[in-house]
file protein_31.cif (mmCIF, C-alpha atoms)
data_model
#
loop_
_atom_site.group_PDB
_atom_site.id
_atom_site.type_symbol
_atom_site.label_atom_id
_atom_site.label_comp_id
_atom_site.auth_asym_id
_atom_site.auth_seq_id
_atom_site.Cartn_x
_atom_site.Cartn_y
_atom_site.Cartn_z
ATOM 1 C CA MET A 1 0.000 0.000 0.000
ATOM 2 C CA VAL A 2 1.588 3.255 -1.074
ATOM 3 C CA ARG A 3 0.822 6.324 0.946
ATOM 4 C CA PHE A 4 2.671 9.147 2.625
ATOM 5 C CA LYS A 5 3.495 8.222 6.190
ATOM 6 C CA ASN A 6 3.769 10.910 8.819
ATOM 7 C CA ARG A 7 5.183 11.111 12.265
ATOM 8 C CA TYR A 8 3.511 13.153 14.976
ATOM 9 C CA VAL A 9 5.820 14.567 17.651
ATOM 10 C CA LEU A 10 4.199 15.523 20.917
ATOM 11 C CA CYS A 11 6.096 18.153 22.880
ATOM 12 C CA GLU A 12 5.607 20.376 25.842
ATOM 13 C CA VAL A 13 6.662 24.015 25.975
ATOM 14 C CA VAL A 14 8.372 24.700 29.294
ATOM 15 C CA SER A 15 9.128 28.224 30.350
ATOM 16 C CA GLU A 16 9.982 30.018 33.570
ATOM 17 C CA ASP A 17 8.184 33.129 32.464
ATOM 18 C CA PRO A 18 4.428 32.825 33.135
ATOM 19 C CA GLN A 19 3.655 35.287 30.352
ATOM 20 C CA CYS A 20 5.059 32.876 27.820
ATOM 21 C CA ARG A 21 1.661 31.171 27.687
ATOM 22 C CA GLN A 22 0.100 33.982 25.688
ATOM 23 C CA CYS A 23 2.887 33.600 23.168
ATOM 24 C CA ILE A 24 2.174 29.935 22.525
ATOM 25 C CA GLU A 25 0.393 30.019 19.206
ATOM 26 C CA ASP A 26 0.775 27.829 16.167
ATOM 27 C CA ARG A 27 2.507 30.402 13.990
ATOM 28 C CA ALA A 28 5.052 31.321 16.659
ATOM 29 C CA VAL A 29 5.863 27.721 17.524
ATOM 30 C CA GLY A 30 6.014 26.699 13.859
ATOM 31 C CA LEU A 31 8.397 29.533 13.033
ATOM 32 C CA ALA A 32 10.598 28.795 16.043
ATOM 33 C CA VAL A 33 10.877 25.112 15.150
ATOM 34 C CA ARG A 34 11.537 25.859 11.460
ATOM 35 C CA ASP A 35 14.206 28.364 12.427
ATOM 36 C CA ALA A 36 15.901 25.827 14.703
ATOM 37 C CA ILE A 37 15.884 23.193 11.951
ATOM 38 C CA GLY A 38 17.376 25.714 9.555
ATOM 39 C CA ARG A 39 20.178 26.499 11.959
ATOM 40 C CA VAL A 40 20.989 22.935 12.885
ATOM 41 C CA HIS A 41 20.461 21.108 9.605
ATOM 42 C CA GLY A 42 20.866 23.846 7.011
ATOM 43 C CA ASP A 43 18.946 24.378 3.806
ATOM 44 C CA PHE A 44 18.699 20.677 3.105
ATOM 45 C CA GLY A 45 17.244 19.813 6.494
ATOM 46 C CA LEU A 46 14.854 22.747 6.375
ATOM 47 C CA ALA A 47 13.534 21.717 2.976
ATOM 48 C CA CYS A 48 13.233 18.040 3.994
ATOM 49 C CA CYS A 49 11.309 18.734 7.164
ATOM 50 C CA SER A 50 9.072 21.412 5.690
ATOM 51 C CA ILE A 51 7.440 19.061 3.210
ATOM 52 C CA SER A 52 4.548 18.129 5.429
ATOM 53 C CA PHE A 53 5.270 20.222 8.469
ATOM 54 C CA THR A 54 2.427 21.728 10.493
ATOM 55 C CA VAL A 55 1.486 22.361 14.062
ATOM 56 C CA LYS A 56 -1.509 20.066 14.346
ATOM 57 C CA TYR A 57 -2.642 20.768 17.888
ATOM 58 C CA LEU A 58 -1.772 23.351 20.483
ATOM 59 C CA ASN A 59 -2.890 23.823 24.054
ATOM 60 C CA ALA A 60 -1.707 27.091 25.549
ATOM 61 C CA TYR A 61 -2.811 26.212 29.085
ATOM 62 C CA THR A 62 -0.732 23.055 29.353
ATOM 63 C CA GLY A 63 1.841 24.046 26.732
ATOM 64 C CA THR A 64 1.236 20.906 24.686
ATOM 65 C CA VAL A 65 2.189 21.037 21.024
ATOM 66 C CA LEU A 66 1.657 18.355 18.374
ATOM 67 C CA LEU A 67 3.878 18.663 15.300
ATOM 68 C CA ARG A 68 3.584 16.663 12.106
ATOM 69 C CA CYS A 69 6.336 15.839 9.625
ATOM 70 C CA ARG A 70 7.190 13.171 7.091
ATOM 71 C CA LYS A 71 8.418 9.847 8.380
ATOM 72 C CA ASP A 72 11.661 10.205 6.419
ATOM 73 C CA SER A 73 12.671 13.374 8.187
ATOM 74 C CA TYR A 74 11.300 13.054 11.693
ATOM 75 C CA ARG A 75 14.764 12.373 13.068
ATOM 76 C CA LEU A 76 15.975 15.703 11.713
ATOM 77 C CA LEU A 77 13.040 17.377 13.400
ATOM 78 C CA CYS A 78 13.502 15.612 16.727
ATOM 79 C CA SER A 79 17.196 16.350 16.855
ATOM 80 C CA ALA A 80 16.564 20.048 16.210
ATOM 81 C CA LEU A 81 13.906 20.479 18.931
ATOM 82 C CA PRO A 82 16.418 20.958 21.786
ATOM 83 C CA PHE A 83 17.770 23.973 19.896
ATOM 84 C CA VAL A 84 14.538 25.938 20.200
ATOM 85 C CA ARG A 85 15.429 28.569 22.756
ATOM 86 C CA GLN A 86 12.749 31.201 22.510
ATOM 87 C CA LEU A 87 9.277 31.847 21.195
ATOM 88 C CA GLU A 88 8.635 35.105 19.445
ATOM 89 C CA SER A 89 5.288 36.691 18.670
ATOM 90 C CA ARG A 90 4.081 40.276 18.330
ATOM 91 C CA ASN A 91 7.630 41.504 18.901
ATOM 92 C CA GLN A 92 7.860 39.785 22.270
ATOM 93 C CA ARG A 93 10.442 37.141 23.004
ATOM 94 C CA TYR A 94 10.190 34.598 25.770
ATOM 95 C CA PRO A 95 12.897 32.081 26.586
ATOM 96 C CA CYS A 96 11.618 28.531 26.741
ATOM 97 C CA PHE A 97 12.477 25.003 25.775
ATOM 98 C CA LEU A 98 10.602 22.091 24.228
ATOM 99 C CA ASN A 99 10.337 18.763 25.982
ATOM 100 C CA THR A 100 9.607 15.861 23.645
ATOM 101 C CA LEU A 101 6.978 13.613 25.190
ATOM 102 C CA HIS A 102 6.063 11.123 22.487
ATOM 103 C CA VAL A 103 6.515 10.332 18.820
ATOM 104 C CA GLY A 104 3.641 8.504 17.187
ATOM 105 C CA GLY A 105 2.511 7.479 13.753
ATOM 106 C CA THR A 106 -1.021 8.785 14.058
ATOM 107 C CA ILE A 107 -2.835 11.503 15.920
ATOM 108 C CA ARG A 108 -4.867 8.864 17.700
ATOM 109 C CA THR A 109 -1.839 7.242 19.376
ATOM 110 C CA CYS A 110 -0.551 10.620 20.429
ATOM 111 C CA GLN A 111 -3.956 11.463 21.863
ATOM 112 C CA LYS A 112 -4.037 8.207 23.848
ATOM 113 C CA PHE A 113 -0.598 8.931 25.209
ATOM 114 C CA LEU A 114 -1.556 12.488 26.071
ATOM 115 C CA ILE A 115 -4.598 11.343 28.046
ATOM 116 C CA GLU A 116 -2.515 8.957 30.130
ATOM 117 C CA TYR A 117 0.213 11.534 30.548
ATOM 118 C CA ASN A 118 -2.247 14.179 31.742
ATOM 119 C CA ARG A 119 -3.726 11.729 34.241
ATOM 120 C CA ARG A 120 -0.276 11.063 35.670
ATOM 121 C CA GLN A 121 0.485 14.783 35.744
ATOM 122 C CA LEU A 122 -2.721 15.423 37.679
ATOM 123 C CA LEU A 123 -1.622 12.907 40.288
ATOM 124 C CA LEU A 124 1.751 14.590 40.552
ATOM 125 C CA LEU A 125 0.086 17.981 40.852
ATOM 126 C CA LEU A 126 -2.098 16.658 43.628
ATOM 127 C CA GLN A 127 0.967 15.643 45.591
ATOM 128 C CA SER A 128 2.577 19.020 45.147
ATOM 129 C CA CYS A 129 -0.453 21.142 46.020
ATOM 130 C CA THR A 130 0.314 23.905 48.475
ATOM 131 C CA ASN A 131 -3.088 25.077 49.663
ATOM 132 C CA GLU A 132 -6.473 23.526 50.261
ATOM 133 C CA GLU A 133 -8.295 25.230 47.397
ATOM 134 C CA GLU A 134 -5.844 23.989 44.800
ATOM 135 C CA ARG A 135 -6.130 20.536 46.281
ATOM 136 C CA ARG A 136 -9.895 20.571 45.919
ATOM 137 C CA CYS A 137 -9.731 21.733 42.293
ATOM 138 C CA VAL A 138 -7.233 19.068 41.328
ATOM 139 C CA GLN A 139 -9.203 16.384 43.129
ATOM 140 C CA LYS A 140 -12.339 17.418 41.255
ATOM 141 C CA SER A 141 -10.527 17.184 37.923
ATOM 142 C CA LEU A 142 -9.135 13.797 38.833
ATOM 143 C CA LEU A 143 -12.533 12.438 39.729
ATOM 144 C CA ARG A 144 -14.011 13.751 36.495
ATOM 145 C CA CYS A 145 -11.452 12.007 34.359
ATOM 146 C CA SER A 146 -11.394 8.628 36.027
ATOM 147 C CA LEU A 147 -13.949 6.057 34.927
ATOM 148 C CA THR A 148 -16.663 4.580 37.080
ATOM 149 C CA GLU A 149 -18.359 1.228 36.381
ATOM 150 C CA GLU A 150 -21.449 2.641 34.634
ATOM 151 C CA GLN A 151 -19.564 5.147 32.455
ATOM 152 C CA CYS A 152 -17.181 2.516 31.199
ATOM 153 C CA LEU A 153 -19.493 1.152 28.503
ATOM 154 C CA SER A 154 -21.048 4.321 27.191
ATOM 155 C CA GLY A 155 -18.836 7.344 27.480
ATOM 156 C CA ASN A 156 -15.461 6.563 25.928
ATOM 157 C CA GLU A 157 -15.538 9.769 23.883
ATOM 158 C CA ASP A 158 -16.524 11.788 26.915
ATOM 159 C CA ASP A 159 -13.545 10.397 28.712
ATOM 160 C CA ASP A 160 -11.259 11.464 25.877
ATOM 161 C CA ASP A 161 -12.610 15.002 26.053
ATOM 162 C CA ASP A 162 -12.081 15.167 29.784
ATOM 163 C CA GLY A 163 -8.611 13.800 29.470
ATOM 164 C CA THR A 164 -7.406 16.315 26.937
ATOM 165 C CA GLU A 165 -9.112 19.452 28.172
ATOM 166 C CA THR A 166 -8.400 19.190 31.848
ATOM 167 C CA ASP A 167 -5.603 21.400 33.092
ATOM 168 C CA MET B 1 27.271 10.212 -9.140
ATOM 169 C CA ALA B 2 28.345 13.480 -10.658
ATOM 170 C CA LEU B 3 30.746 13.491 -13.556
ATOM 171 C CA SER B 4 33.672 15.850 -13.229
ATOM 172 C CA GLU B 5 36.564 16.286 -15.662
ATOM 173 C CA PRO B 6 39.825 18.101 -15.307
ATOM 174 C CA ALA B 7 40.046 20.783 -17.945
ATOM 175 C CA ALA B 8 43.158 19.486 -19.691
ATOM 176 C CA ALA B 9 42.958 15.684 -19.238
ATOM 177 C CA ALA B 10 41.030 13.204 -21.360
ATOM 178 C CA ALA B 11 37.334 12.995 -20.677
ATOM 179 C CA THR B 12 36.921 9.577 -19.091
ATOM 180 C CA PHE B 13 34.837 8.660 -16.127
ATOM 181 C CA GLU B 14 35.632 5.594 -14.133
ATOM 182 C CA ARG B 15 33.951 4.244 -11.072
ATOM 183 C CA ARG B 16 35.538 1.511 -9.011
ATOM 184 C CA VAL B 17 33.832 0.408 -5.837
ATOM 185 C CA LEU B 18 36.017 -1.112 -3.139
ATOM 186 C CA ARG B 19 34.365 -3.550 -0.817
ATOM 187 C CA SER B 20 36.621 -2.920 2.125
ATOM 188 C CA ALA B 21 36.323 0.859 2.128
ATOM 189 C CA GLY B 22 38.119 2.442 5.046
ATOM 190 C CA GLU B 23 36.679 5.003 7.346
ATOM 191 C CA HIS B 24 37.868 8.055 5.410
ATOM 192 C CA HIS B 25 37.252 9.176 1.877
ATOM 193 C CA TYR B 26 39.694 11.428 0.067
ATOM 194 C CA LEU B 27 38.642 13.967 -2.545
ATOM 195 C CA ARG B 28 40.879 15.774 -4.950
ATOM 196 C CA VAL B 29 39.175 19.071 -5.690
ATOM 197 C CA TRP B 30 39.914 22.154 -7.693
ATOM 198 C CA LEU B 31 38.432 25.537 -6.906
ATOM 199 C CA GLU B 32 37.654 27.371 -10.104
ATOM 200 C CA LEU B 33 37.826 31.149 -9.654
ATOM 201 C CA PRO B 34 37.459 32.641 -13.108
ATOM 202 C CA ASP B 35 38.213 36.231 -12.186
ATOM 203 C CA GLY B 36 41.811 37.023 -11.408
ATOM 204 C CA GLY B 37 41.331 38.228 -7.882
ATOM 205 C CA ALA B 38 43.172 37.326 -4.697
ATOM 206 C CA ARG B 39 43.459 33.626 -4.035
ATOM 207 C CA PRO B 40 42.365 32.166 -0.721
ATOM 208 C CA SER B 41 45.027 31.029 1.693
ATOM 209 C CA ALA B 42 44.906 27.585 3.257
ATOM 210 C CA ALA B 43 42.932 28.784 6.250
ATOM 211 C CA GLN B 44 40.496 30.692 4.054
ATOM 212 C CA PHE B 45 40.066 27.611 1.899
ATOM 213 C CA LYS B 46 39.135 25.505 4.896
ATOM 214 C CA GLN B 47 36.809 28.267 6.041
ATOM 215 C CA LEU B 48 35.174 28.191 2.619
ATOM 216 C CA VAL B 49 34.597 24.443 2.772
ATOM 217 C CA VAL B 50 33.161 24.645 6.275
ATOM 218 C CA SER B 51 30.899 27.539 5.346
ATOM 219 C CA ALA B 52 29.607 25.586 2.359
ATOM 220 C CA LEU B 53 28.758 22.708 4.680
ATOM 221 C CA ARG B 54 27.127 25.089 7.141
ATOM 222 C CA GLU B 55 24.918 26.603 4.464
ATOM 223 C CA LEU B 56 23.632 23.350 3.112
ATOM 224 C CA HIS B 57 23.713 21.112 6.157
ATOM 225 C CA GLY B 58 23.654 23.478 9.113
ATOM 226 C CA GLU B 59 25.661 23.245 12.301
ATOM 227 C CA VAL B 60 25.677 19.463 12.080
ATOM 228 C CA GLY B 61 27.268 19.664 8.659
ATOM 229 C CA ALA B 62 29.775 22.284 9.734
ATOM 230 C CA ALA B 63 30.872 20.000 12.570
ATOM 231 C CA LEU B 64 31.717 17.216 10.114
ATOM 232 C CA PRO B 65 35.403 16.261 10.487
ATOM 233 C CA VAL B 66 36.871 17.553 7.225
ATOM 234 C CA ASP B 67 40.605 18.005 6.798
ATOM 235 C CA VAL B 68 42.461 19.818 4.052
ATOM 236 C CA LEU B 69 45.437 17.525 3.639
ATOM 237 C CA THR B 70 47.222 19.442 0.911
ATOM 238 C CA TYR B 71 46.501 22.808 -0.643
ATOM 239 C CA GLU B 72 48.270 24.651 -3.420
ATOM 240 C CA GLU B 73 47.453 28.318 -3.613
ATOM 241 C CA LYS B 74 48.890 28.680 -7.118
ATOM 242 C CA THR B 75 46.720 26.041 -8.752
ATOM 243 C CA LEU B 76 43.889 26.190 -6.178
ATOM 244 C CA SER B 77 43.784 22.430 -5.965
ATOM 245 C CA ALA B 78 43.464 20.557 -2.719
ATOM 246 C CA ILE B 79 42.978 17.121 -1.250
ATOM 247 C CA LEU B 80 40.244 16.849 1.336
ATOM 248 C CA ARG B 81 39.683 14.026 3.759
ATOM 249 C CA VAL B 82 36.288 13.312 5.258
ATOM 250 C CA VAL B 83 34.725 10.577 7.343
ATOM 251 C CA SER B 84 33.051 8.123 4.987
ATOM 252 C CA SER B 85 29.609 8.723 6.426
ATOM 253 C CA GLY B 86 29.936 12.396 5.551
ATOM 254 C CA LEU B 87 31.038 12.036 1.953
ATOM 255 C CA VAL B 88 27.611 12.738 0.478
ATOM 256 C CA LYS B 89 27.154 15.827 2.638
ATOM 257 C CA LEU B 90 30.570 17.227 1.742
ATOM 258 C CA TRP B 91 30.258 16.534 -1.965
ATOM 259 C CA SER B 92 26.792 18.030 -2.177
ATOM 260 C CA ALA B 93 27.893 21.095 -0.216
ATOM 261 C CA LEU B 94 30.879 21.637 -2.507
ATOM 262 C CA THR B 95 28.669 21.216 -5.568
ATOM 263 C CA LEU B 96 26.209 23.838 -4.429
ATOM 264 C CA LEU B 97 28.730 26.449 -3.400
ATOM 265 C CA GLY B 98 28.557 29.364 -5.793
ATOM 266 C CA PHE B 99 30.271 32.335 -4.238
ATOM 267 C CA TYR B 100 33.538 33.154 -2.525
ATOM 268 C CA GLN B 101 33.601 36.712 -1.167
ATOM 269 C CA ASN B 102 30.891 37.690 -3.646
ATOM 270 C CA ARG B 103 32.897 36.304 -6.543
ATOM 271 C CA ARG B 104 31.577 33.499 -8.709
ATOM 272 C CA CYS B 105 33.368 30.240 -8.061
ATOM 273 C CA ALA B 106 32.869 26.519 -8.492
ATOM 274 C CA PHE B 107 34.337 23.424 -6.934
ATOM 275 C CA ARG B 108 35.359 20.729 -9.386
ATOM 276 C CA VAL B 109 35.714 17.318 -7.790
ATOM 277 C CA LEU B 110 38.348 15.460 -9.770
ATOM 278 C CA GLN B 111 38.834 12.240 -7.851
ATOM 279 C CA VAL B 112 37.280 10.459 -4.907
ATOM 280 C CA LYS B 113 39.025 7.546 -3.233
ATOM 281 C CA PRO B 114 38.362 5.571 -0.080
ATOM 282 C CA CYS B 115 42.045 5.035 0.645
ATOM 283 C CA GLY B 116 44.795 7.592 0.877
ATOM 284 C CA ASP B 117 47.838 5.965 -0.640
ATOM 285 C CA TRP B 118 47.952 8.196 -3.718
ATOM 286 C CA ILE B 119 48.269 11.462 -1.867
ATOM 287 C CA GLY B 120 51.882 11.996 -2.829
ATOM 288 C CA GLN B 121 51.206 11.569 -6.556
ATOM 289 C CA GLN B 122 50.049 14.424 -8.725
#
call {"tool": "encode", "arguments": {"input": "protein_31.cif", "output": "structure tokens"}}
result
Amino acid sequence: MVRFKNRYVLCEVVSEDPQCRQCIEDRAVGLAVRDAIGRVHGDFGLACCSISFTVKYLNAYTGTVLLRCRKDSYRLLCSALPFVRQLESRNQRYPCFLNTLHVGGTIRTCQKFLIEYNRRQLLLLLQSCTNEEERRCVQKSLLRCSLTEEQCLSGNEDDDDDGTETD
Amino acid sequence: MALSEPAAAAATFERRVLRSAGEHHYLRVWLELPDGGARPSAAQFKQLVVSALRELHGEVGAALPVDVLTYEEKTLSAILRVVSSGLVKLWSALTLLGFYQNRRCAFRVLQVKPCGDWIGQQ
């Protein structure tokens, strides 16, 4: 079967500056990644990786970014991600770095991974809560996203929504 | 692979593939600078090769271990040595280099060998 195969790279934007969140948009991230590939791998690498390159999904609250590229050049992309040092938008620059979480062949596998990853992150957040109100919020989110016996059969899609939209 | 001929010699192209290729490949190259300006020194020549690699293959390409084993400023011919895994990157970078200090130039690759025992011969 002949078709174009893609790789989807799931990353997380980590920044010390809290105002970086407003800068996380698909154009800014796409430009930053393209620029890093151009620096690290030159004209050839930039052209290779740009063939089917897009930012497929972006979540500014959690800093989750899903990038797509061709299967032949995903290694060039992954090796250039540590060289992204700042995000720039509207003439504002914020230092940050990208953490690669998962590389998958389809959006569905990346989504499954992201749901599990967010669940684990919620548990970690619960442990590191400082005050009572935060603890209650996180506990509520955790209860919403874990399955009970009756929901198991019917609401698989609901569960997916909860998993990906919860902070 | 690309065909390259020295200007004066007979126009033959030969390709011999050695099974036990070593870890370095050696290229005999000639930098063609048609205008009669200043010729690059050895250090400037190496800088030119590295900048060609950097343009086409980025920082990873520029970090490729390339050595200029011999260089003659009068004839602008040189012998380069590169790790075998980087031969394609180096050759493609040399092919696509078009300018030296805003002057038109071209690299002509005359010979490529996987072993270095002919370095003394001209």
call {"tool": "interface_residues", "arguments": {"input": "protein_31.cif", "of": "chain B", "to": "chain A", "cutoff": "7 Å", "atoms": "only C-alpha atoms", "output": "PyMOL selection string"}}
result
chain B and resi 54-60
call {"tool": "residues_around", "arguments": {"input": "protein_31.cif", "residues": "A:Leu126", "least_positions_apart": "3", "cutoff": "12 Å", "atoms": "all atoms listed in the file", "output": "list in words"}}
result
Arg119, Arg120, Gln121, Leu122, Leu123, Cys129, Thr130, Asn131, Glu132, Glu133, Glu134, Arg135, Arg136, Cys137, Val138, Gln139, Lys140, Ser141, Leu142 and Leu143 of chain A
call {"tool": "resolve_selection", "arguments": {"input": "protein_31.cif", "expression": "the PyMOL selection byres ((chain A and resi 9) around 9)", "output": "number ranges by chain"}}
result
A: 7-8, 10-11, 65-69, 74, 77-78, 100-105, 110
call {"tool": "resolve_selection", "arguments": {"input": "protein_31.cif", "expression": "the PyMOL selection byres ((chain A and resi 88) around 9)", "output": "PyMOL selection string"}}
result
chain A and resi 23-24+28-29+31-32+86-87+89-95
call {"tool": "atom_distance", "arguments": {"input": "protein_31.cif", "atom1": "atom CA of B:Leu31", "atom2": "atom CA of B:Val82"}}
result
17.4 Å
call {"tool": "closest_residue", "arguments": {"input": "protein_31.cif", "among": "B:Phe99, B:Arg104, B:Pro114, B:Ser84", "to": "B:Leu48", "atoms": "all atoms listed in the file"}}
result
B:Phe99
call {"tool": "residues_around", "arguments": {"input": "protein_31.cif", "residues": "B:Ser85", "least_positions_apart": "6", "cutoff": "9 Å", "atoms": "all atoms listed in the file", "output": "number ranges by chain"}}
result
B: 23-25
call {"tool": "resolve_selection", "arguments": {"input": "protein_31.cif", "expression": "the PyMOL selection byres ((chain B and resi 101) around 12)", "output": "PDB file with C-alpha atoms, in the frame of the given file"}}
result
ATOM      1  CA  LEU B  33      37.826  31.149  -9.654  1.00  0.00           C
ATOM      2  CA  ASP B  35      38.213  36.231 -12.186  1.00  0.00           C
ATOM      3  CA  GLY B  37      41.331  38.228  -7.882  1.00  0.00           C
ATOM      4  CA  ALA B  38      43.172  37.326  -4.697  1.00  0.00           C
ATOM      5  CA  ARG B  39      43.459  33.626  -4.035  1.00  0.00           C
ATOM      6  CA  PRO B  40      42.365  32.166  -0.721  1.00  0.00           C
ATOM      7  CA  GLN B  44      40.496  30.692   4.054  1.00  0.00           C
ATOM      8  CA  PHE B  45      40.066  27.611   1.899  1.00  0.00           C
ATOM      9  CA  GLN B  47      36.809  28.267   6.041  1.00  0.00           C
ATOM     10  CA  LEU B  48      35.174  28.191   2.619  1.00  0.00           C
ATOM     11  CA  SER B  51      30.899  27.539   5.346  1.00  0.00           C
ATOM     12  CA  LEU B  97      28.730  26.449  -3.400  1.00  0.00           C
ATOM     13  CA  GLY B  98      28.557  29.364  -5.793  1.00  0.00           C
ATOM     14  CA  PHE B  99      30.271  32.335  -4.238  1.00  0.00           C
ATOM     15  CA  TYR B 100      33.538  33.154  -2.525  1.00  0.00           C
ATOM     16  CA  ASN B 102      30.891  37.690  -3.646  1.00  0.00           C
ATOM     17  CA  ARG B 103      32.897  36.304  -6.543  1.00  0.00           C
ATOM     18  CA  ARG B 104      31.577  33.499  -8.709  1.00  0.00           C
ATOM     19  CA  CYS B 105      33.368  30.240  -8.061  1.00  0.00           C
TER      20      CYS B 105
END
call {"tool": "residues_around", "arguments": {"input": "protein_31.cif", "residues": "stretch 65-81 of chain B", "least_positions_apart": "3", "cutoff": "10 Å", "atoms": "all atoms listed in the file", "output": "ChimeraX atom specification"}}
result
/B:24-33,39-43,45-46,49-50,53,61-62,84,86-87,90,107-116,119-120
call {"tool": "axis_aligned_box", "arguments": {"input": "protein_31.cif", "around": "stretch 45-59 of chain B", "padding_each_side": "4 Å", "output": "lines of an AutoDock Vina configuration file"}}
result
center_x = 31.8
center_y = 24.7
center_z = 7.1
size_x = 24.4
size_y = 15.2
size_z = 18.4
call {"tool": "atom_distance", "arguments": {"input": "protein_31.cif", "atom1": "atom CA of B:Phe13", "atom2": "atom CA of B:Trp91"}}
result
16.8 Å
call {"tool": "atom_distance", "arguments": {"input": "protein_31.cif", "atom1": "atom CA of A:Glu16", "atom2": "atom CA of A:Glu116"}}
result
24.7 Å
call {"tool": "residues_around", "arguments": {"input": "protein_31.cif", "residues": "A:Phe4", "least_positions_apart": "3", "cutoff": "10 Å", "atoms": "only C-alpha atoms", "output": "list in words"}}
result
Met1, Ser52, Arg70, Lys71 and Asp72 of chain A
call {"tool": "decode", "arguments": {"input": "protein_31.cif", "residues": "stretch 29-34 of chain A", "atoms": "all heavy atoms", "output": "CSV table (one decimal), in the first residue's frame"}}
result
chain,number,residue,atom,x,y,z
A,29,VAL,N,5.2,29.0,17.3
A,29,VAL,CA,5.9,27.7,17.5
A,29,VAL,C,6.4,27.2,16.2
A,29,VAL,O,7.5,26.7,16.1
A,29,VAL,CB,4.9,26.7,18.2
A,29,VAL,CG1,5.6,25.4,18.3
A,29,VAL,CG2,4.5,27.2,19.6
A,30,GLY,N,5.6,27.2,15.2
A,30,GLY,CA,6.0,26.7,13.9
A,30,GLY,C,7.2,27.4,13.4
A,30,GLY,O,8.2,26.8,12.9
A,31,LEU,N,7.2,28.8,13.5
A,31,LEU,CA,8.4,29.5,13.0
A,31,LEU,C,9.6,29.2,13.9
A,31,LEU,O,10.7,29.1,13.3
A,31,LEU,CB,8.1,31.0,13.1
A,31,LEU,CG,7.2,31.6,12.0
A,31,LEU,CD1,6.9,33.0,12.3
A,31,LEU,CD2,7.9,31.4,10.7
A,32,ALA,N,9.4,29.1,15.2
A,32,ALA,CA,10.6,28.8,16.0
A,32,ALA,C,11.2,27.4,15.7
A,32,ALA,O,12.4,27.3,15.6
A,32,ALA,CB,10.2,28.8,17.5
A,33,VAL,N,10.4,26.4,15.5
A,33,VAL,CA,10.9,25.1,15.1
A,33,VAL,C,11.6,25.1,13.8
A,33,VAL,O,12.6,24.6,13.6
A,33,VAL,CB,9.8,24.1,15.2
A,33,VAL,CG1,10.2,22.7,14.7
A,33,VAL,CG2,9.2,23.9,16.6
A,34,ARG,N,10.9,25.8,12.8
A,34,ARG,CA,11.5,25.9,11.5
A,34,ARG,C,12.9,26.5,11.5
A,34,ARG,O,13.9,26.1,10.9
A,34,ARG,CB,10.6,26.7,10.6
A,34,ARG,CG,9.6,25.9,9.9
A,34,ARG,CD,9.3,26.6,8.5
A,34,ARG,NE,8.4,25.7,7.8
A,34,ARG,CZ,7.1,25.8,7.8
A,34,ARG,NH1,6.5,26.7,8.5
A,34,ARG,NH2,6.4,24.9,7.1
